[in-house]
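What follows is one structure encoded as structure tokens, with my remarks underneath.
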Amino acid sequence: MVGDEGVGRLAEAQACLSGVRDTRRSQRARQQRSEPRVPLLVVLGLISFSSAIAIRIPDPLSPLIARDLGVTVETAALLASAYAFPYALAQPVLGPLADALGKARVIKVCLAVVAAATLAGWLAPDYGTLAASRVVAGAASGGAIPICFAIVGDRFDYAHRQVALARVLAAAVTGQLFGSVASGAIGDAFGWRAPFLVSLTISAAALAATILALRPRADATRKPFTLAGARAGYAQVLANPRAPICYATVFCGGLANYGVFPHLAHLFEMRGVGGVREAGFAVGGFGVGGILFSFAVGAILKRIGMFAMMRLGGVIAGSALATLALTQAWQAAAGAFVAIGVGFYMVHNSMQTQASELAPSARGSAMALHACFFFLGIALGPPVTGLGFATIGPTPTLLALAAFASVIGATSAALLTARGARG
């Protein structure tokens, strides 16, 4: 009897100790979610910054790549699509995979693949190898920025989340700005391969920082990845009647606003107003517009609300594209791109917010589809724009895109209002 009583007391002590450990673990997890962690945001910002640079690097370089590798400028411009299509198509897999295997682990693997693919692009002996490297980099890069946003949602409570998301978004927009400007300036001075080397260096730094500082959550609960589970999550999202509006809007926005990026240097050359360097500065204006929007969004929403902001954003983007069609000076084009960036993010940021509420219990799937449709639009934009340039000419093509961009915000706002969306 005494032995049994001793065993019982020992078991009670072990259970008590286990309970204390669980309580401390839970307290650490709650503290992790409620207090913004500057080192985590720095790492996520570096990941987003490096990924955004990798996206934009070839945009101003199309004429240089075409001349060096013996292809047409239109063919060289398709490198943007070679990156964007696999980025979009990988989203439906990477989102559920990150939930199952761990977001930190998936990001590390994806960054390693991006770095390796960028190295292959830097050394590419021909256009086919370069295009293949962009396909691989695009697919892997889909495991960077979208999953960074998901990590913020996991590790920051709602009171701190908006500020944290804004900081990561600012890093991504800054990467777009740096990638466009630096690529044009460095490419003009040292050739098209030099910007790829810069991107490779920054990707390697982001990978090293991620390996050293990004740790899995201690309180994470993960379910095994299954196709049935992924399908169920996406079915729940698409059952919302607002889902087609959200995804169609970001698709159209990507097509209308991003299609001219890789054609701009060639357009400047045809007009005799500049080339690769000037195109890099002009496209960089889009990132400046995004940063300006990030500072002003709170005041805009407070004054006019989400749906009015969407309508205004479409008008601003469309007017700026029309200015780009009619202006000759590259400096005016750069100013137009600042306005395009502001108008685009007025609509796009609103769609991000709407998409996050389509299915709260399947938010990861909803945001994966958001990125998927957005990058499908980005991928389709350059060939559509290139076809327009070759058939009806640059000015009519840009005016058509301007008209298209002008109605996107108003149309989506009206449709969402009719379906009872919150503004």
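Please note that chains go A, B, ... in the order of the structure tokens, that every chain numbers its residues from 1, and that ligands are numbered from 1 in the order shown.
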Q: Find the residues near region 289-304 of chain A: any atom within 10 Å, counting only C-alpha atoms, skip ones fewer than 6 places away on the same chain, and give them as an MDAnalysis selection string.
A: chainID A and resid 166:167 169:174 176:177 312 335:346 349 423
Q: With a distance cut-off of 12 Å and only C-alpha atoms, select the neighbouring residues of Asp99 (chain A), excluding the residue or stretch itself and same-chain residues fewer than 5 positions from it, and output the selection as a PyMOL selection string.
A: chain A and resi 92-94+104-107+143+147+150-151+154+216-217+220-226+229-230+233+362-365+368
Would you mind exporting the chosen residues as a PDB file, in the first residue's frame, restricted to N, CA and C atoms?
```pdb
ATOM      1  N   PRO A  92      -1.490  27.912 -54.927  1.00  0.00           N
ATOM      2  CA  PRO A  92      -2.441  26.964 -54.325  1.00  0.00           C
ATOM      3  C   PRO A  92      -1.781  25.785 -53.622  1.00  0.00           C
ATOM      4  N   VAL A  93      -0.528  25.498 -53.970  1.00  0.00           N
ATOM      5  CA  VAL A  93       0.195  24.409 -53.308  1.00  0.00           C
ATOM      6  C   VAL A  93       0.996  24.923 -52.120  1.00  0.00           C
ATOM      7  N   LEU A  94       1.680  26.047 -52.298  1.00  0.00           N
ATOM      8  CA  LEU A  94       2.575  26.541 -51.255  1.00  0.00           C
ATOM      9  C   LEU A  94       1.826  26.976 -50.002  1.00  0.00           C
ATOM     10  N   ALA A 104       8.158  28.771 -41.605  1.00  0.00           N
ATOM     11  CA  ALA A 104       9.581  29.095 -41.578  1.00  0.00           C
ATOM     12  C   ALA A 104      10.376  28.111 -42.431  1.00  0.00           C
ATOM     13  N   ARG A 105      10.040  26.840 -42.342  1.00  0.00           N
ATOM     14  CA  ARG A 105      10.758  25.816 -43.113  1.00  0.00           C
ATOM     15  C   ARG A 105      10.551  26.012 -44.607  1.00  0.00           C
ATOM     16  N   VAL A 106       9.323  26.274 -45.017  1.00  0.00           N
ATOM     17  CA  VAL A 106       9.040  26.453 -46.445  1.00  0.00           C
ATOM     18  C   VAL A 106       9.747  27.688 -46.979  1.00  0.00           C
ATOM     19  N   ILE A 107       9.766  28.774 -46.214  1.00  0.00           N
ATOM     20  CA  ILE A 107      10.458  29.985 -46.659  1.00  0.00           C
ATOM     21  C   ILE A 107      11.944  29.710 -46.873  1.00  0.00           C
ATOM     22  N   GLY A 143       6.852  31.331 -52.319  1.00  0.00           N
ATOM     23  CA  GLY A 143       6.919  30.934 -50.920  1.00  0.00           C
ATOM     24  C   GLY A 143       7.599  31.961 -50.043  1.00  0.00           C
ATOM     25  N   ILE A 147       3.861  34.124 -47.649  1.00  0.00           N
ATOM     26  CA  ILE A 147       4.023  33.393 -46.386  1.00  0.00           C
ATOM     27  C   ILE A 147       4.527  34.319 -45.285  1.00  0.00           C
ATOM     28  N   ALA A 150       1.528  35.706 -43.851  1.00  0.00           N
ATOM     29  CA  ALA A 150       0.861  34.700 -43.018  1.00  0.00           C
ATOM     30  C   ALA A 150       1.559  34.563 -41.661  1.00  0.00           C
ATOM     31  N   ILE A 151       2.885  34.661 -41.632  1.00  0.00           N
ATOM     32  CA  ILE A 151       3.619  34.592 -40.369  1.00  0.00           C
ATOM     33  C   ILE A 151       3.245  35.759 -39.460  1.00  0.00           C
ATOM     34  N   ASP A 154       0.105  34.967 -37.822  1.00  0.00           N
ATOM     35  CA  ASP A 154       0.262  33.956 -36.778  1.00  0.00           C
ATOM     36  C   ASP A 154       0.860  34.523 -35.497  1.00  0.00           C
ATOM     37  N   PRO A 216      10.495  28.190 -35.947  1.00  0.00           N
ATOM     38  CA  PRO A 216       9.079  27.790 -35.927  1.00  0.00           C
ATOM     39  C   PRO A 216       8.408  28.218 -34.630  1.00  0.00           C
ATOM     40  N   ARG A 217       7.105  28.383 -34.666  1.00  0.00           N
ATOM     41  CA  ARG A 217       6.351  28.724 -33.455  1.00  0.00           C
ATOM     42  C   ARG A 217       6.335  27.547 -32.487  1.00  0.00           C
ATOM     43  N   ALA A 220       2.699  25.954 -32.388  1.00  0.00           N
ATOM     44  CA  ALA A 220       2.057  25.664 -33.676  1.00  0.00           C
ATOM     45  C   ALA A 220       1.391  24.291 -33.661  1.00  0.00           C
ATOM     46  N   THR A 221       0.174  24.226 -34.179  1.00  0.00           N
ATOM     47  CA  THR A 221      -0.539  22.967 -34.358  1.00  0.00           C
ATOM     48  C   THR A 221      -0.743  22.758 -35.855  1.00  0.00           C
ATOM     49  N   ARG A 222      -0.166  21.695 -36.393  1.00  0.00           N
ATOM     50  CA  ARG A 222      -0.197  21.495 -37.835  1.00  0.00           C
ATOM     51  C   ARG A 222      -0.888  20.179 -38.175  1.00  0.00           C
ATOM     52  N   LYS A 223      -1.641  20.223 -39.260  1.00  0.00           N
ATOM     53  CA  LYS A 223      -2.262  19.012 -39.781  1.00  0.00           C
ATOM     54  C   LYS A 223      -1.489  18.544 -41.011  1.00  0.00           C
ATOM     55  N   PRO A 224      -1.447  17.246 -41.247  1.00  0.00           N
ATOM     56  CA  PRO A 224      -0.740  16.755 -42.430  1.00  0.00           C
ATOM     57  C   PRO A 224      -1.326  17.345 -43.709  1.00  0.00           C
ATOM     58  N   PHE A 225      -0.462  17.595 -44.673  1.00  0.00           N
ATOM     59  CA  PHE A 225      -0.921  18.127 -45.956  1.00  0.00           C
ATOM     60  C   PHE A 225      -1.647  17.034 -46.729  1.00  0.00           C
ATOM     61  N   THR A 226      -2.867  17.327 -47.133  1.00  0.00           N
ATOM     62  CA  THR A 226      -3.634  16.414 -47.973  1.00  0.00           C
ATOM     63  C   THR A 226      -4.323  17.215 -49.065  1.00  0.00           C
ATOM     64  N   GLY A 229      -7.861  18.145 -47.956  1.00  0.00           N
ATOM     65  CA  GLY A 229      -7.929  19.288 -47.060  1.00  0.00           C
ATOM     66  C   GLY A 229      -7.732  20.602 -47.788  1.00  0.00           C
ATOM     67  N   ALA A 230      -6.789  20.617 -48.746  1.00  0.00           N
ATOM     68  CA  ALA A 230      -6.567  21.830 -49.528  1.00  0.00           C
ATOM     69  C   ALA A 230      -7.796  22.174 -50.368  1.00  0.00           C
ATOM     70  N   GLY A 233     -10.561  23.706 -48.207  1.00  0.00           N
ATOM     71  CA  GLY A 233     -10.313  25.105 -47.868  1.00  0.00           C
ATOM     72  C   GLY A 233     -10.627  26.036 -49.022  1.00  0.00           C
ATOM     73  N   ALA A 362     -10.313  29.807 -43.326  1.00  0.00           N
ATOM     74  CA  ALA A 362      -9.422  29.346 -44.405  1.00  0.00           C
ATOM     75  C   ALA A 362      -8.711  30.555 -44.996  1.00  0.00           C
ATOM     76  N   ARG A 363      -8.221  31.423 -44.122  1.00  0.00           N
ATOM     77  CA  ARG A 363      -7.624  32.681 -44.575  1.00  0.00           C
ATOM     78  C   ARG A 363      -6.366  32.448 -45.402  1.00  0.00           C
ATOM     79  N   GLY A 364      -5.583  31.445 -45.046  1.00  0.00           N
ATOM     80  CA  GLY A 364      -4.385  31.160 -45.828  1.00  0.00           C
ATOM     81  C   GLY A 364      -4.716  30.806 -47.261  1.00  0.00           C
ATOM     82  N   SER A 365      -5.746  30.000 -47.452  1.00  0.00           N
ATOM     83  CA  SER A 365      -6.163  29.631 -48.801  1.00  0.00           C
ATOM     84  C   SER A 365      -6.685  30.845 -49.556  1.00  0.00           C
ATOM     85  N   ALA A 368      -3.750  32.928 -50.625  1.00  0.00           N
ATOM     86  CA  ALA A 368      -3.008  32.244 -51.685  1.00  0.00           C
ATOM     87  C   ALA A 368      -3.683  32.454 -53.030  1.00  0.00           C
TER      88      ALA A 368
END
```
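Relative to CA of Ala334 (chain A), CA of Gly314 (chain A) is found at 18.5 Å.
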Q: Please return as a ChimeraX atom specification: the residues of region 9-258 of chain A that backbone DSSP assigns to alpha helix (DSSP H).
A: /A:9-34,38-56,62-69,73-77,79-101,103-123,127-141,145-155,158-190,193-213,227-238,243-258
With the cut-off set at 12 Å and counting only C-alpha atoms, tabulate each residue of region 130-245 of chain A with an atom at most that distance from an atom of region 256-262 of chain A, showing the nearest atom pair and its distance in Å to one decimal, ordered by chain and increasing number, as JSON lines.
```
{"residue": "A:Gln176", "atom": "CA", "partner": "A:Phe261", "partner_atom": "CA", "distance": 11.7}
{"residue": "A:Ser180", "atom": "CA", "partner": "A:Phe261", "partner_atom": "CA", "distance": 9.5}
{"residue": "A:Ser183", "atom": "CA", "partner": "A:Pro262", "partner_atom": "CA", "distance": 12.0}
{"residue": "A:Gly184", "atom": "CA", "partner": "A:Pro262", "partner_atom": "CA", "distance": 11.3}
```
Write out the residues from the selection above, keeping N, CA and C atoms, as a short mmCIF file (atom, residue, chain, number, x, y, z; two decimals), in the first residue's frame.
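New file result.cif:
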```cif
data_model
loop_
_atom_site.label_atom_id
_atom_site.label_comp_id
_atom_site.auth_asym_id
_atom_site.auth_seq_id
_atom_site.Cartn_x
_atom_site.Cartn_y
_atom_site.Cartn_z
N GLN A 176 10.82 46.63 -54.69
CA GLN A 176 10.42 46.91 -56.07
C GLN A 176 11.09 48.18 -56.58
N SER A 180 13.99 48.11 -59.57
CA SER A 180 13.80 48.77 -60.86
C SER A 180 14.90 49.80 -61.12
N SER A 183 18.50 48.13 -61.16
CA SER A 183 18.67 47.29 -62.33
C SER A 183 18.95 48.12 -63.57
N GLY A 184 18.19 49.20 -63.76
CA GLY A 184 18.42 50.05 -64.92
C GLY A 184 19.77 50.73 -64.88
#
```
**Q.** For CA of Val276 (chain A) and CA of Ser81 (chain A), the interatomic separation in Å (one decimal)
**A.** 19.0 Å
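Ranking A:Pro241, A:Gly102, A:Gly45, A:Gly280 by their shortest atom-to-atom distance to Val168 (chain A), with only C-alpha atoms included, puts A:Gly45 first.
With distances restricted to only C-alpha atoms, A:Cys246 is the closest residue to Leu415 (chain A) from A:Cys246, A:Ala308, A:Ala185, A:Leu401.
Here the question is which of A:Leu165, A:Phe286, A:Ala182, A:Leu267 gets nearest to Leu44 (chain A) using only C-alpha atoms, and that residue is A:Leu165.
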Q | Phe389 (chain A) environment, 10 Å, only C-alpha atoms, sequence neighbours closer than 3 positions dropped, as a VMD selection string | A | chain A and resid 74 260 263 267 383 to 386 392 to 398
